[in-house]
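Structure data follow from my_file.txt (compact mmCIF, C-alpha atoms):
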# COMPACT_ATOMS: atom_id res chain seq x y z
CA MET A 1 12.16 -9.28 4.22
CA ARG A 2 11.86 -6.62 6.94
CA LEU A 3 15.09 -4.96 5.77
CA TRP A 4 13.84 -4.97 2.17
CA PHE A 5 10.46 -3.49 3.14
CA ALA A 6 12.02 -0.82 5.38
CA ASN A 7 14.26 0.26 2.50
CA LEU A 8 11.35 0.17 0.05
CA ILE A 9 9.41 2.59 2.25
CA MET A 10 12.45 4.79 2.86
CA TYR A 11 13.19 5.12 -0.85
CA SER A 12 9.55 5.69 -1.82
CA ALA A 13 9.37 8.49 0.77
CA ALA A 14 12.72 9.96 -0.30
CA LEU A 15 11.71 9.95 -3.96
CA THR A 16 8.38 11.55 -3.12
CA VAL A 17 10.03 14.29 -1.05
CA ALA A 18 12.45 14.88 -3.95
CA GLY A 19 9.48 15.28 -6.30
CA CYS A 20 10.29 12.16 -8.30
CA TYR A 21 7.64 9.48 -8.77
CA VAL A 22 8.71 5.88 -9.41
CA PRO A 23 6.16 3.02 -9.29
CA PHE A 24 6.31 1.01 -6.07
CA THR A 25 7.09 -2.24 -7.89
CA ASP A 26 10.08 -0.62 -9.60
CA ILE A 27 11.38 0.70 -6.28
CA GLY A 28 10.89 -2.73 -4.73
CA ALA A 29 12.88 -4.44 -7.48
CA ALA A 30 15.68 -1.86 -7.28
CA VAL A 31 15.89 -2.21 -3.49
CA MET A 32 16.01 -5.99 -3.79
CA LYS A 33 18.91 -5.70 -6.26
CA MET A 34 20.69 -3.13 -4.11
CA LEU A 35 20.46 -5.32 -1.01
CA ALA A 36 21.48 -8.41 -2.98
CA ASP A 37 24.50 -6.58 -4.40
CA THR A 38 25.71 -5.78 -0.87
CA GLN A 39 25.66 -9.53 -0.16
CA HIS A 40 27.14 -10.50 -3.57
CA ILE A 41 23.91 -12.23 -4.61
CA LYS A 42 22.96 -12.13 -8.28
CA ILE A 43 19.41 -10.91 -9.03
CA ASP A 44 17.91 -11.32 -12.48
CA ASP A 45 14.60 -10.41 -14.13
CA ALA A 46 13.03 -13.71 -13.05
CA ASP A 47 13.78 -12.85 -9.41
CA LYS A 48 12.15 -9.42 -9.84
CA ARG A 49 9.06 -11.04 -11.40
CA GLU A 50 8.92 -13.54 -8.54
CA LEU A 51 9.03 -10.70 -6.00
CA THR A 52 6.10 -8.98 -7.72
CA GLU A 53 4.20 -12.28 -7.90
CA LYS A 54 4.74 -13.09 -4.23
CA PHE A 55 3.94 -9.55 -3.15
CA SER A 56 0.71 -9.54 -5.15
CA THR A 57 -0.51 -12.85 -3.71
CA MET A 58 0.21 -12.27 -0.01
CA PRO A 59 -2.85 -13.29 1.98
CA PRO A 60 -4.47 -10.96 4.50
CA HIS A 61 -4.13 -11.76 8.18
CA PRO A 62 -6.80 -14.35 9.11
CA GLU A 63 -8.96 -11.88 11.08
CA VAL A 64 -9.08 -9.25 8.31
CA PRO A 65 -11.97 -10.53 6.14
CA ALA A 66 -14.38 -10.80 9.09
CA ALA A 67 -13.32 -7.40 10.46
CA LEU A 68 -13.89 -5.77 7.07
CA ARG A 69 -17.31 -7.40 6.77
CA ARG A 70 -18.28 -6.09 10.20
CA LEU A 71 -17.26 -2.56 9.21
CA ARG A 72 -19.15 -2.76 5.92
CA ASP A 73 -22.23 -4.28 7.58
CA ALA A 74 -22.16 -1.44 10.14
CA GLY A 75 -22.53 1.05 7.29
CA PHE A 76 -18.95 2.08 6.70
CA ARG A 77 -18.04 2.66 3.04
CA LEU A 78 -14.74 0.90 2.45
CA PHE A 79 -12.05 1.80 -0.04
CA THR A 80 -8.33 1.22 -0.29
CA LEU A 81 -5.38 3.55 -0.78
CA THR A 82 -2.13 1.85 -1.65
CA ASP A 83 1.31 2.81 -2.84
CA ASN A 84 1.19 -0.24 -5.08
CA LEU A 85 -0.09 -0.26 -8.62
CA LEU A 86 -3.80 -1.02 -8.90
CA GLU A 87 -3.04 -4.27 -10.73
CA VAL A 88 -0.93 -5.53 -7.82
CA GLN A 89 -3.47 -4.39 -5.25
CA THR A 90 -6.34 -6.00 -7.15
CA ARG A 91 -4.47 -9.31 -7.29
CA GLN A 92 -3.78 -9.11 -3.55
CA LEU A 93 -7.42 -8.47 -2.72
CA GLU A 94 -8.72 -11.10 -5.15
CA HIS A 95 -6.24 -13.66 -3.83
CA GLY A 96 -7.35 -12.85 -0.28
CA GLY A 97 -11.03 -13.14 -1.19
CA ILE A 98 -11.81 -9.60 -0.04
CA VAL A 99 -11.92 -7.56 -3.24
CA ASP A 100 -15.73 -7.38 -3.14
CA LEU A 101 -15.69 -5.68 0.27
CA PHE A 102 -14.37 -2.42 -1.16
CA GLU A 103 -16.46 -0.06 -3.24
CA ARG A 104 -13.37 1.53 -4.77
CA ARG A 105 -9.60 1.13 -4.84
CA PHE A 106 -7.06 3.94 -5.12
CA SER A 107 -3.37 3.89 -5.94
CA ALA A 108 -0.70 6.51 -5.37
CA ASP A 109 0.06 5.89 -9.03
CA GLY A 110 -3.11 7.86 -9.85
CA VAL A 111 -1.56 11.04 -8.48
CA LYS A 112 2.16 10.11 -8.81
CA HIS A 113 2.87 10.74 -5.11
CA HIS A 114 3.45 8.01 -2.55
CA LYS A 115 2.00 8.13 0.93
CA PRO A 116 2.46 9.95 3.25
CA SER A 117 2.45 12.89 0.84
CA PRO A 118 -0.59 15.18 1.15
CA GLN A 119 -1.25 14.67 -2.57
CA ALA A 120 -1.99 10.97 -2.08
CA TYR A 121 -4.70 11.70 0.48
CA GLY A 122 -5.97 14.74 -1.44
CA TYR A 123 -6.39 12.56 -4.51
CA VAL A 124 -8.84 10.32 -2.63
CA GLU A 125 -10.73 13.31 -1.21
CA LYS A 126 -11.15 14.79 -4.68
CA GLU A 127 -12.19 11.51 -6.28
CA ARG A 128 -14.65 10.75 -3.48
CA GLY A 129 -15.92 14.33 -3.34
CA VAL A 130 -15.61 14.46 0.45
CA LYS A 131 -13.93 16.56 3.11
CA PRO A 132 -10.87 15.16 4.90
CA THR A 133 -12.82 15.02 8.17
CA GLN A 134 -15.20 12.50 6.59
CA LEU A 135 -12.43 9.95 6.08
CA CYS A 136 -10.64 7.50 8.34
CA LEU A 137 -7.61 5.46 7.38
CA ILE A 138 -6.97 2.16 9.15
CA ALA A 139 -3.44 0.88 8.59
CA CYS A 140 -0.65 -1.12 10.16
CA HIS A 141 2.11 1.31 9.13
CA THR A 142 2.84 4.53 10.97
CA TRP A 143 3.67 6.56 7.86
CA ASP A 144 0.17 5.83 6.52
CA THR A 145 -1.57 7.03 9.64
CA LEU A 146 0.76 10.01 10.14
CA GLY A 147 0.07 11.18 6.59
CA ALA A 148 -3.66 10.69 6.99
CA VAL A 149 -3.81 12.65 10.25
CA LYS A 150 -1.72 15.45 8.75
CA ALA A 151 -4.18 15.56 5.82
CA GLY A 152 -7.07 16.02 8.27
CA TRP A 153 -8.34 12.44 8.25
CA GLU A 154 -9.07 10.30 11.26
CA ALA A 155 -6.72 7.34 11.53
CA ALA A 156 -6.29 4.10 13.42
CA LEU A 157 -3.00 2.25 13.70
CA ILE A 158 -3.22 -1.52 13.98
CA ALA A 159 -0.16 -2.64 15.94
CA ASP A 160 1.67 -5.81 15.02
CA ARG A 161 0.94 -8.59 17.51
CA GLN A 162 4.39 -10.12 17.21
Just give me the structure as structure tokens.
Amino acid sequence: MRLWFANLIMYSAALTVAGCYVPFTDIGAAVMKMLADTQHIKIDDADKRELTEKFSTMPPHPEVPAALRRLRDAGFRLFTLTDNLLEVQTRQLEHGGIVDLFERRFSADGVKHHKPSPQAYGYVEKERGVKPTQLCLIACHTWDTLGAVKAGWEAALIADRQ
């Protein structure tokens, strides 16, 4: 799984740098097939659908809902910015019981540039009608926070406990 995800991020970044947008789910399916081919494992459409299904129903870490509620209750306006399609993101948040904690959800698909491209962050700024310095991204991936900081946002990296 870690190898698949690392390749998914690498290819989404490479495609973005090359100026070619491909939806995250399509990249994920292609990477799964590529990795399977190197191991002589056959991947079919049902496997690709299962990957999308499992990815869109992953639960949040147990501490996330309470942490988000504390932020919201403290007056922070919460939104999401994902490389995934909005449909996948919405299913993830609904499945995790946290969709109602966000006032708005954004997808790189809306601007056709994956994070950490400046366009992904600029898209949110434009849609929200705010300056970069008014935004803070909290993420557990370094490319997210690096892109946000480069765009002029504040950022916090949540390190993996494992």
Spatial neighbours of His141 (chain A), 9 Å, only C-alpha atoms, chain gap at least 3 places, as a list in words: Asp144, Thr145, Leu146, Leu157, Ile158 and Ala159 of chain A
message: Report, in Å with one decimal, the straight-line distance from CA of Lys115 (chain A) to CA of Ile9 (chain A).
response: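 Going from CA of Lys115 (chain A) over to CA of Ile9 (chain A), I get 9.3 Å.
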field: Minimum-distance residue to Gly96 (chain A), chosen among A:Met58, A:Ala108, A:Ala66, A:Ala13 (using all atoms listed in the file)
entry: A:Met58
- request: Identify, on the basis of all atoms listed in the file, every residue whose closest approach to Glu154 (chain A) does not exceed 9 Å; exclude the query and any residue fewer than 4 positions from it along the same chain; express the result as a ChimeraX atom specification.
  value: /A:132-138,145,148-149
- prompt: Within 7 Å of Pro65 (chain A), counting all atoms listed in the file, which residues qualify if same-chain residues fewer than 3 places away don't, as a list in words?
  reply: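 Within the cut-off, the hits are Leu68, Arg69 and Ile98 of chain A.
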message: Show me the residues close to (0.4, 15.4, 5.8) - anything with an atom within 6 Å, counting all atoms listed in the file - and format the list as a list in words.
response: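 The requested residues, written out, are Ser117, Pro118, Gly147, Lys150 and Ala151 of chain A.
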- request: Compile the contact shell of region 70-80 of chain A as a list in words: residues with an atom at most 6 Å away, counting all atoms listed in the file, same-chain residues fewer than 2 positions apart removed.
  value: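 The filter keeps Ala67, Leu68, Phe102, Glu103, Arg104, Arg105 and Phe106 of chain A.
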Write region 30-65 of chain A as a compact mmCIF listing (two decimals), in the frame of the given file, completed to N, CA and C atoms.
# COMPACT_ATOMS: atom_id res chain seq x y z
N ALA A 30 14.37 -2.52 -7.40
CA ALA A 30 15.68 -1.86 -7.28
C ALA A 30 16.26 -2.07 -5.88
N VAL A 31 15.42 -1.99 -4.86
CA VAL A 31 15.89 -2.21 -3.49
C VAL A 31 16.35 -3.65 -3.32
N MET A 32 15.60 -4.60 -3.88
CA MET A 32 16.01 -5.99 -3.79
C MET A 32 17.39 -6.18 -4.42
N LYS A 33 17.61 -5.58 -5.59
CA LYS A 33 18.91 -5.70 -6.26
C LYS A 33 20.00 -5.02 -5.45
N MET A 34 19.71 -3.84 -4.91
CA MET A 34 20.69 -3.13 -4.11
C MET A 34 21.12 -3.96 -2.89
N LEU A 35 20.14 -4.51 -2.18
CA LEU A 35 20.46 -5.32 -1.01
C LEU A 35 21.20 -6.60 -1.40
N ALA A 36 20.79 -7.21 -2.51
CA ALA A 36 21.48 -8.41 -2.98
C ALA A 36 22.93 -8.10 -3.35
N ASP A 37 23.14 -6.97 -4.01
CA ASP A 37 24.50 -6.58 -4.40
C ASP A 37 25.42 -6.44 -3.18
N THR A 38 24.87 -5.93 -2.06
CA THR A 38 25.71 -5.78 -0.87
C THR A 38 26.12 -7.13 -0.30
N GLN A 39 25.35 -8.18 -0.64
CA GLN A 39 25.66 -9.53 -0.16
C GLN A 39 26.25 -10.41 -1.27
N HIS A 40 26.57 -9.79 -2.41
CA HIS A 40 27.14 -10.50 -3.57
C HIS A 40 26.22 -11.61 -4.08
N ILE A 41 24.92 -11.30 -4.09
CA ILE A 41 23.91 -12.23 -4.61
C ILE A 41 23.43 -11.69 -5.94
N LYS A 42 23.39 -12.56 -6.95
CA LYS A 42 22.96 -12.13 -8.28
C LYS A 42 21.43 -12.15 -8.37
N ILE A 43 20.85 -11.04 -8.83
CA ILE A 43 19.41 -10.91 -9.03
C ILE A 43 19.16 -10.71 -10.51
N ASP A 44 18.24 -11.49 -11.06
CA ASP A 44 17.91 -11.32 -12.48
C ASP A 44 16.44 -10.95 -12.63
N ASP A 45 15.99 -10.81 -13.87
CA ASP A 45 14.60 -10.41 -14.13
C ASP A 45 13.59 -11.41 -13.58
N ALA A 46 13.94 -12.69 -13.60
CA ALA A 46 13.03 -13.71 -13.05
C ALA A 46 12.84 -13.50 -11.55
N ASP A 47 13.90 -13.12 -10.85
CA ASP A 47 13.78 -12.85 -9.41
C ASP A 47 12.87 -11.64 -9.16
N LYS A 48 13.00 -10.61 -9.99
CA LYS A 48 12.15 -9.42 -9.84
C LYS A 48 10.68 -9.77 -10.10
N ARG A 49 10.44 -10.61 -11.11
CA ARG A 49 9.06 -11.04 -11.40
C ARG A 49 8.51 -11.87 -10.24
N GLU A 50 9.36 -12.73 -9.67
CA GLU A 50 8.92 -13.54 -8.54
C GLU A 50 8.56 -12.67 -7.34
N LEU A 51 9.34 -11.61 -7.09
CA LEU A 51 9.03 -10.70 -6.00
C LEU A 51 7.66 -10.07 -6.21
N THR A 52 7.41 -9.58 -7.42
CA THR A 52 6.10 -8.98 -7.72
C THR A 52 4.99 -10.00 -7.55
N GLU A 53 5.21 -11.21 -8.02
CA GLU A 53 4.20 -12.28 -7.90
C GLU A 53 3.91 -12.59 -6.43
N LYS A 54 4.95 -12.76 -5.64
CA LYS A 54 4.74 -13.09 -4.23
C LYS A 54 4.09 -11.93 -3.48
N PHE A 55 4.50 -10.72 -3.81
CA PHE A 55 3.94 -9.55 -3.15
C PHE A 55 2.46 -9.40 -3.50
N SER A 56 2.10 -9.73 -4.73
CA SER A 56 0.71 -9.54 -5.15
C SER A 56 -0.21 -10.70 -4.76
N THR A 57 0.32 -11.73 -4.15
CA THR A 57 -0.51 -12.85 -3.71
C THR A 57 -0.40 -13.10 -2.20
N MET A 58 0.14 -12.12 -1.47
CA MET A 58 0.21 -12.27 -0.01
C MET A 58 -1.21 -12.29 0.55
N PRO A 59 -1.50 -13.24 1.41
CA PRO A 59 -2.85 -13.29 1.98
C PRO A 59 -3.02 -12.26 3.10
N PRO A 60 -4.24 -11.84 3.35
CA PRO A 60 -4.47 -10.96 4.50
C PRO A 60 -4.32 -11.77 5.78
N HIS A 61 -4.13 -11.07 6.90
CA HIS A 61 -4.13 -11.76 8.18
C HIS A 61 -5.49 -12.44 8.34
N PRO A 62 -5.56 -13.56 9.03
CA PRO A 62 -6.80 -14.35 9.11
C PRO A 62 -8.02 -13.58 9.61
N GLU A 63 -7.83 -12.61 10.51
CA GLU A 63 -8.96 -11.88 11.08
C GLU A 63 -9.46 -10.75 10.18
N VAL A 64 -8.74 -10.41 9.13
CA VAL A 64 -9.08 -9.25 8.31
C VAL A 64 -10.42 -9.38 7.58
N PRO A 65 -10.69 -10.47 6.86
CA PRO A 65 -11.97 -10.53 6.14
C PRO A 65 -13.20 -10.32 7.04
